[in-house]
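Trainee: Pasting work.txt here (compact mmCIF, C-alpha atoms):
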# COMPACT_ATOMS: atom_id res chain seq x y z
CA MET A 292 -102.14 -25.76 -132.30
CA GLN A 293 -102.18 -22.19 -133.52
CA PRO A 294 -105.43 -20.30 -133.27
CA ILE A 295 -107.03 -19.49 -136.59
CA SER A 296 -107.84 -15.86 -137.27
CA MET A 297 -111.51 -15.96 -137.92
CA PRO A 298 -113.14 -12.70 -139.00
CA LEU A 299 -116.91 -12.55 -139.00
CA PRO A 300 -117.96 -14.65 -141.93
CA ASP A 301 -119.25 -12.92 -145.03
CA VAL A 302 -122.32 -14.50 -146.42
CA PRO A 303 -121.66 -14.22 -150.12
CA SER A 304 -124.58 -14.82 -152.42
CA GLY A 305 -124.40 -17.18 -155.36
CA PRO A 306 -124.49 -14.77 -158.32
CA GLU A 307 -121.75 -12.51 -156.92
CA ARG A 308 -119.47 -15.47 -156.83
CA GLY A 309 -119.36 -15.97 -160.58
CA GLN A 310 -121.83 -18.79 -160.68
CA GLN A 311 -123.28 -19.32 -164.13
CA PRO A 312 -126.83 -20.56 -164.61
CA GLY A 313 -126.87 -24.15 -165.75
CA GLU A 314 -123.21 -24.59 -164.99
CA ALA A 315 -122.24 -28.19 -164.42
CA GLY A 316 -121.93 -29.07 -160.79
CA THR A 317 -123.82 -26.17 -159.31
CA GLY A 318 -127.06 -28.05 -158.98
CA TRP A 319 -127.49 -27.39 -155.29
CA PRO A 320 -131.15 -26.56 -154.88
CA GLY A 321 -131.45 -22.79 -154.81
CA GLY A 322 -127.70 -22.41 -154.46
CA PRO A 323 -125.56 -23.63 -151.60
CA HIS A 324 -126.26 -20.62 -149.40
CA ASP A 325 -129.99 -20.80 -149.11
CA GLY A 326 -130.08 -23.23 -146.24
CA PRO A 327 -132.49 -26.09 -145.81
CA PRO A 328 -135.90 -25.75 -147.40
CA GLY A 329 -138.46 -25.32 -144.67
CA LEU A 330 -137.86 -24.73 -140.99
CA ARG A 331 -139.87 -27.65 -139.74
CA SER A 332 -137.41 -30.24 -140.89
CA ALA A 333 -134.61 -28.51 -138.99
CA GLN A 334 -136.76 -28.41 -135.86
CA ASP A 335 -137.67 -32.04 -136.31
CA THR A 336 -134.04 -32.96 -136.75
CA GLU A 337 -133.13 -31.22 -133.53
CA ARG A 338 -136.00 -32.82 -131.66
CA ILE A 339 -135.04 -36.26 -132.91
CA ALA A 340 -131.34 -35.80 -132.15
CA ALA A 341 -132.18 -34.47 -128.68
CA ALA A 342 -134.35 -37.54 -128.01
CA VAL A 343 -131.52 -39.86 -129.00
CA PHE A 344 -128.94 -38.10 -126.84
CA THR A 345 -131.32 -37.90 -123.87
CA ALA A 346 -132.02 -41.61 -124.20
CA LEU A 347 -128.35 -42.49 -124.45
CA ALA A 348 -127.44 -40.34 -121.43
CA ASP A 349 -129.08 -42.86 -119.11
CA PRO A 350 -127.16 -46.11 -118.45
CA THR A 351 -130.30 -48.22 -118.06
CA ARG A 352 -131.72 -46.98 -121.34
CA ARG A 353 -128.37 -47.62 -123.01
CA ASP A 354 -128.52 -51.18 -121.67
CA ILE A 355 -132.05 -51.63 -122.98
CA LEU A 356 -131.17 -50.30 -126.46
CA THR A 357 -128.00 -52.39 -126.52
CA GLU A 358 -129.95 -55.50 -125.58
CA LEU A 359 -132.58 -54.84 -128.26
CA ALA A 360 -129.81 -54.27 -130.83
CA ARG A 361 -128.09 -57.51 -129.81
CA ARG A 362 -131.02 -59.90 -129.48
CA GLY A 363 -133.83 -58.25 -131.42
CA PRO A 364 -137.39 -57.52 -130.24
CA ALA A 365 -138.05 -58.29 -126.56
CA THR A 366 -140.73 -57.78 -123.91
CA ALA A 367 -140.17 -55.91 -120.65
CA THR A 368 -140.14 -59.31 -118.93
CA ASP A 369 -137.46 -60.63 -121.29
CA LEU A 370 -135.33 -57.60 -120.56
CA ALA A 371 -135.85 -57.86 -116.80
CA MET A 372 -134.31 -61.33 -116.93
CA VAL A 373 -131.02 -60.04 -118.27
CA LEU A 374 -130.80 -56.53 -116.82
CA PRO A 375 -130.29 -55.85 -113.12
CA ILE A 376 -133.45 -53.79 -112.61
CA SER A 377 -137.12 -54.52 -112.06
CA ARG A 378 -139.63 -55.20 -114.80
CA GLN A 379 -141.54 -52.09 -113.69
CA ALA A 380 -138.49 -49.86 -114.09
CA ILE A 381 -137.80 -51.35 -117.50
CA ALA A 382 -141.41 -50.77 -118.56
CA LYS A 383 -141.10 -47.14 -117.55
CA HIS A 384 -137.92 -46.68 -119.59
CA LEU A 385 -139.50 -48.47 -122.56
CA GLY A 386 -142.37 -45.98 -122.37
CA LEU A 387 -139.92 -43.08 -122.55
CA LEU A 388 -138.03 -44.71 -125.40
CA SER A 389 -141.30 -45.26 -127.30
CA GLU A 390 -142.26 -41.62 -126.90
CA ALA A 391 -138.84 -40.64 -128.22
CA GLY A 392 -139.36 -42.89 -131.24
CA LEU A 393 -136.36 -45.08 -130.43
CA VAL A 394 -138.37 -48.26 -129.89
CA ARG A 395 -141.75 -49.32 -131.20
CA PRO A 396 -144.18 -51.52 -129.28
CA GLN A 397 -145.24 -54.52 -131.31
CA PRO A 398 -148.38 -56.09 -129.89
CA GLY A 399 -148.22 -59.87 -129.68
CA GLU A 400 -150.31 -62.74 -128.36
CA ARG A 401 -151.92 -62.46 -124.93
CA ARG A 402 -150.79 -58.87 -124.42
CA ARG A 403 -147.16 -59.81 -124.73
CA VAL A 404 -145.86 -56.52 -126.13
CA ARG A 405 -142.46 -56.84 -127.69
CA PHE A 406 -140.36 -53.75 -128.25
CA VAL A 407 -138.46 -53.25 -131.50
CA LEU A 408 -135.47 -50.97 -131.93
CA GLN A 409 -136.07 -48.05 -134.33
CA SER A 410 -132.85 -47.17 -136.09
CA ALA A 411 -133.96 -44.07 -138.01
CA PRO A 412 -133.48 -41.57 -135.14
CA MET A 413 -129.96 -42.94 -134.66
CA GLY A 414 -129.21 -41.89 -138.24
CA VAL A 415 -130.32 -38.35 -137.45
CA ALA A 416 -128.06 -38.28 -134.41
CA GLN A 417 -125.24 -39.59 -136.61
CA SER A 418 -125.72 -36.67 -138.99
CA PHE A 419 -125.44 -34.34 -136.01
CA LEU A 420 -122.26 -36.04 -134.83
CA ALA A 421 -120.86 -36.01 -138.35
CA ALA A 422 -121.15 -32.22 -138.44
CA LEU A 423 -119.24 -31.98 -135.17
CA ALA A 424 -116.62 -34.49 -136.29
CA ARG A 425 -115.82 -32.76 -139.57
CA ASP A 426 -113.50 -30.43 -137.65
CA TRP A 427 -112.68 -27.81 -140.27
CA ASP A 428 -110.82 -25.83 -137.60
CA ARG A 429 -108.20 -28.55 -137.42
CA HIS A 430 -108.06 -28.99 -141.22
CA LEU A 431 -107.62 -25.27 -141.82
CA ALA A 432 -104.94 -25.01 -139.13
CA ASP A 433 -103.16 -27.86 -140.94
CA LEU A 434 -103.56 -26.03 -144.27
CA ARG A 435 -102.02 -22.89 -142.77
CA ARG A 436 -99.09 -24.87 -141.42
CA TYR A 437 -98.63 -26.62 -144.77
CA LEU A 438 -98.55 -23.32 -146.66
CA ASP A 439 -96.23 -21.66 -144.15
CA ARG A 440 -93.64 -24.39 -143.92
CA MET B 102 -128.93 -25.10 -130.20
CA PRO B 103 -130.00 -26.22 -133.65
CA VAL B 104 -128.48 -29.22 -135.36
CA PRO B 105 -125.92 -27.72 -137.74
CA ASP B 106 -126.72 -28.25 -141.40
CA ARG B 107 -124.06 -25.82 -142.52
CA ILE B 108 -120.49 -25.23 -141.42
CA GLU B 109 -118.70 -22.08 -142.58
CA ARG B 110 -115.18 -20.90 -141.87
CA THR B 111 -113.14 -18.04 -143.26
CA VAL B 112 -109.39 -17.80 -142.83
CA GLU B 113 -106.83 -15.31 -144.08
CA LEU B 114 -103.76 -16.99 -145.52
CA ALA B 115 -100.48 -15.21 -146.23
CA HIS B 116 -100.13 -16.74 -149.68
CA PRO B 117 -101.48 -15.82 -153.10
CA PRO B 118 -104.65 -17.58 -154.35
CA GLU B 119 -102.64 -19.58 -156.90
CA ARG B 120 -100.58 -21.15 -154.13
CA VAL B 121 -103.64 -21.93 -152.00
CA TRP B 122 -105.34 -23.36 -155.10
CA GLN B 123 -102.43 -25.76 -155.56
CA ALA B 124 -102.74 -26.89 -151.95
CA LEU B 125 -106.46 -27.56 -152.39
CA THR B 126 -106.49 -29.21 -155.80
CA THR B 127 -103.33 -31.26 -156.25
CA ALA B 128 -102.51 -34.73 -154.93
CA GLU B 129 -99.41 -33.31 -153.29
CA GLY B 130 -101.38 -30.54 -151.62
CA LEU B 131 -104.32 -32.64 -150.42
CA GLY B 132 -101.91 -35.30 -149.20
CA GLY B 133 -99.84 -32.65 -147.46
CA TRP B 134 -102.36 -30.91 -145.21
CA PHE B 135 -105.69 -32.74 -145.53
CA GLY B 136 -104.99 -36.44 -145.63
CA SER B 137 -101.77 -38.43 -145.46
CA SER B 138 -101.92 -39.16 -149.20
CA ALA B 139 -104.22 -38.31 -152.10
CA GLU B 140 -104.99 -38.91 -155.76
CA ILE B 141 -107.03 -36.50 -157.82
CA ASP B 142 -108.61 -36.32 -161.26
CA LEU B 143 -109.15 -32.56 -161.30
CA ARG B 144 -112.24 -31.89 -163.38
CA PRO B 145 -115.95 -31.56 -162.68
CA GLY B 146 -117.15 -35.14 -162.39
CA GLY B 147 -113.68 -36.35 -161.46
CA THR B 148 -112.82 -38.13 -158.25
CA ALA B 149 -110.29 -37.43 -155.56
CA VAL B 150 -109.31 -40.18 -153.15
CA VAL B 151 -107.90 -38.94 -149.87
CA GLU B 152 -106.45 -41.35 -147.35
CA TRP B 153 -105.86 -40.79 -143.66
CA LYS B 154 -103.42 -43.56 -142.86
CA ASP B 155 -103.35 -43.16 -139.06
CA GLU B 156 -107.11 -43.20 -138.85
CA ASN B 157 -107.44 -46.00 -141.39
CA PHE B 158 -109.93 -43.89 -143.31
CA THR B 159 -110.33 -43.13 -147.01
CA ALA B 160 -112.67 -40.52 -148.47
CA HIS B 161 -113.89 -40.43 -152.05
CA LEU B 162 -114.56 -36.86 -153.14
CA GLN B 163 -116.75 -36.28 -156.17
CA ILE B 164 -115.48 -33.06 -157.70
CA GLN B 165 -118.24 -30.65 -158.66
CA VAL B 166 -116.70 -27.26 -159.44
CA VAL B 167 -113.22 -26.41 -160.73
CA GLU B 168 -112.72 -22.70 -161.37
CA PRO B 169 -109.04 -21.92 -160.83
CA PRO B 170 -108.06 -20.11 -158.75
CA ARG B 171 -111.39 -19.03 -157.29
CA ARG B 172 -113.79 -21.85 -156.61
CA PHE B 173 -113.44 -25.57 -155.89
CA ALA B 174 -116.22 -27.85 -154.69
CA TRP B 175 -116.81 -31.51 -154.00
CA THR B 176 -119.35 -33.79 -152.39
CA TRP B 177 -118.38 -36.52 -149.97
CA GLY B 178 -119.99 -39.05 -147.67
CA ILE B 179 -121.43 -38.52 -144.23
CA MET B 180 -119.81 -40.25 -141.28
CA GLY B 181 -121.86 -43.20 -140.11
CA LEU B 182 -123.57 -43.79 -143.45
CA PRO B 183 -122.37 -46.52 -145.83
CA ASP B 184 -119.82 -45.48 -148.49
CA ASP B 185 -122.30 -45.95 -151.31
CA ASP B 186 -125.11 -44.03 -149.63
CA PRO B 187 -126.42 -41.36 -152.04
CA ARG B 188 -126.62 -38.74 -149.30
CA ARG B 189 -123.49 -36.62 -149.26
CA THR B 190 -122.50 -33.20 -148.04
CA TYR B 191 -121.37 -30.42 -150.37
CA VAL B 192 -118.06 -28.69 -149.65
CA GLU B 193 -117.17 -25.46 -151.42
CA PHE B 194 -113.95 -23.49 -151.16
CA THR B 195 -113.91 -19.86 -152.28
CA LEU B 196 -110.59 -18.06 -152.71
CA GLU B 197 -110.53 -14.28 -152.77
CA PRO B 198 -107.42 -12.10 -153.08
CA ALA B 199 -106.85 -10.19 -149.85
CA ALA B 200 -104.25 -7.69 -148.72
CA ALA B 201 -102.47 -10.39 -146.76
CA GLY B 202 -102.73 -12.96 -149.54
CA THR B 203 -105.91 -15.01 -149.76
CA ARG B 204 -109.18 -15.02 -147.93
CA LEU B 205 -110.34 -18.64 -148.00
CA THR B 206 -113.91 -19.56 -147.17
CA VAL B 207 -115.05 -23.13 -146.77
CA VAL B 208 -118.74 -23.94 -146.58
CA GLU B 209 -120.02 -27.46 -146.00
CA THR B 210 -123.76 -28.04 -146.21
CA GLY B 211 -126.10 -30.99 -146.05
CA PHE B 212 -125.58 -32.53 -142.62
CA ALA B 213 -129.27 -32.37 -141.80
CA GLN B 214 -130.17 -35.03 -144.32
CA LEU B 215 -132.59 -37.43 -142.81
CA PRO B 216 -132.76 -41.15 -143.31
CA ASP B 217 -135.54 -42.12 -145.68
CA GLU B 218 -137.32 -44.19 -143.03
CA LEU B 219 -138.12 -40.98 -141.18
CA GLU B 220 -140.62 -39.96 -143.79
CA SER B 221 -142.99 -42.61 -142.53
CA SER B 222 -141.88 -42.50 -138.90
CA TYR B 223 -142.37 -38.78 -138.63
CA ARG B 224 -145.20 -38.28 -141.09
CA GLY B 225 -143.22 -36.54 -143.75
CA ASN B 226 -142.38 -33.35 -141.87
CA ALA B 227 -138.71 -34.04 -142.12
CA SER B 228 -138.59 -35.18 -145.72
CA GLY B 229 -137.53 -31.92 -147.39
CA TRP B 230 -133.80 -32.40 -147.33
CA ALA B 231 -133.82 -36.11 -148.00
CA LYS B 232 -135.88 -35.54 -151.13
CA GLU B 233 -133.98 -32.50 -152.38
CA LEU B 234 -130.66 -34.18 -151.84
CA GLY B 235 -131.78 -37.35 -153.52
CA GLU B 236 -132.60 -35.20 -156.54
CA LEU B 237 -129.29 -33.40 -156.21
CA ALA B 238 -127.42 -36.69 -156.16
CA ALA B 239 -129.30 -37.88 -159.25
CA TYR B 240 -128.59 -34.56 -160.98
CA LEU B 241 -124.93 -34.70 -160.14
CA ASP B 242 -124.63 -38.30 -161.25
CA ALA B 243 -126.29 -37.43 -164.56
CA ALA B 244 -124.01 -34.42 -165.02
CA ALA B 245 -120.92 -36.44 -164.26
Show this structure as structure tokens.

Mentor:
Amino acid sequence: MQPISMPLPDVPSGPERGQQPGEAGTGWPGGPHDGPPGLRSAQDTERIAAAVFTALADPTRRDILTELARRGPATATDLAMVLPISRQAIAKHLGLLSEAGLVRPQPGERRRVRFVLQSAPMGVAQSFLAALARDWDRHLADLRRYLDR
Amino acid sequence: MPVPDRIERTVELAHPPERVWQALTTAEGLGGWFGSSAEIDLRPGGTAVVEWKDENFTAHLQIQVVEPPRRFAWTWGIMGLPDDDPRRTYVEFTLEPAAAGTRLTVVETGFAQLPDELESSYRGNASGWAKELGELAAYLDAAA
């Protein structure tokens, strides 16, 4: 694959680019170059994505999340019956996963706490992966080849 | 490293803007370099369907801006979300004449959209994009 010549990107502003006020299809809030409103959401997104990737980096935690996805809410004891590690180790991982927002403890009868998978952080991680997977470098290299052929 | 909300690339192409415009906005062009085949209804509010046969993947682009041969924009879905999910990213191509031919800039924004459930899970801190983009989607649908 040929390298793409990539000069430092200009950051053109909306009005210089011939954008008319009220023009159909330019309804991006504040114009497409203003970035996300508010910094906190970006920081939150990063924190959430980092928690997901940290959780998934550990094989035991992957097993726990997989088991919760497959069978639904389960206690540490339930999980210890199907996974090859102790109940104590599972409880410790469940604590980490709870702090990361990936599972939620659901108090039950006689202190039987069942843990429920929380899918929302996975969606944030998916958005992160989607940005990486878009691969404009490859698309633009293909465009160059198409034009040059 | 922050989660990328925005991707920007600039390339210099040794062809005039009109030629690059054809590659970006025709079925033949989009099927030639982007997907393996494409159909396009080239107008704001129109749809382009791009198929990647090898990857068994089809994208539906909602065309937003058609300003030949300078500006072309669409929205499309985010990987991992259902096809009919209202959250989409915005892709804009800008073509500028350059000594060598055309300076092409592509900007894609909107990856940091958060699932709605996060508003309750994370006490609303992360709701900015989800809300703004929901409004954007409604606006674009109404304008279509």

Trainee: Can you work out the spacing between atom CA of A:Arg361 and atom CA of A:Gly399 in Å, to one decimal?

Mentor: 20.3 Å

Trainee: Nearest to B:Glu193 among B:Ala149, B:Leu143, B:Ile179, B:Val207, with distances taken over only C-alpha atoms: which residue is it?

Mentor: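 Smallest distance to B:Glu193 is found for B:Val207.
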
Trainee: Neighbouring residues of A:Gln397 were defined as those with any atom within 9 Å, considering only C-alpha atoms; residues of the same chain fewer than 6 positions away were excluded. Please report them as a list in words.

Mentor: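 Counting only C-alpha atoms, the residues come to Pro364, Arg403, Val404, Arg405, Phe406 and Val407 of chain A.
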
Trainee: Can you work out the spacing between atom CA of B:Ile108 and atom CA of B:Gly178 in Å, to one decimal?

Mentor: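 Pair atom CA of B:Ile108 / atom CA of B:Gly178 returns 15.2 Å.
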
Trainee: Hey, can you check how far atom CA of A:Tyr437 sits from atom CA of B:Val121?

Mentor: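 So the answer is 10.0 Å.
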
Trainee: From the set B:Thr111, B:Ser137, B:Thr126, B:Thr190, which residue has the shortest atom-to-atom contact distance to chain A, counting all atoms listed in the file?

Mentor: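 That would be B:Thr111, the residue with the smallest distance to chain A.
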
Trainee: If we count only C-alpha atoms, what is near A:Ala382 at a cut-off of 10 Å, once residues fewer than 4 positions away on the same chain are taken out, given as a PyMOL selection string?

Mentor: chain A and resi 366-368+370-371+377-378+386-388

Trainee: Quick one: of B:Glu129, B:Asp184, B:Asp142, B:Glu109, who's nearest to chain A, counting only C-alpha atoms?

Mentor: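 Result for the nearest residue to chain A: B:Glu109.
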
Trainee: Skip A:Arg425 itself and residues of its chain fewer than 5 positions away, then list as a ChimeraX atom specification all residues within 9 Å of it, counting all atoms listed in the file.

Mentor: /A:420,430 /B:180

Trainee: Would you put the residues from that selection into a file with C-alpha atoms, as a PDB file, in the frame of the given file?

Mentor:
ATOM      1  CA  LEU A 420    -122.260 -36.040-134.830  1.00  0.00           C
ATOM      2  CA  HIS A 430    -108.060 -28.990-141.220  1.00  0.00           C
TER       3      HIS A 430
ATOM      4  CA  MET B 180    -119.810 -40.250-141.280  1.00  0.00           C
TER       5      MET B 180
END

Trainee: Counting only C-alpha atoms, which residue out of B:Pro170, B:Pro198, B:Gly132, B:Pro105 sits closest to chain A?

Mentor: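 With only C-alpha atoms as the atom set, the closest residue is B:Pro105.
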
Trainee: Under the rule that only C-alpha atoms are counted, which of B:Gly130, B:Gly202, B:Pro169, B:Pro118 is the nearest residue to chain A?

Mentor: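 With only C-alpha atoms as the atom set, the closest residue is B:Gly130.
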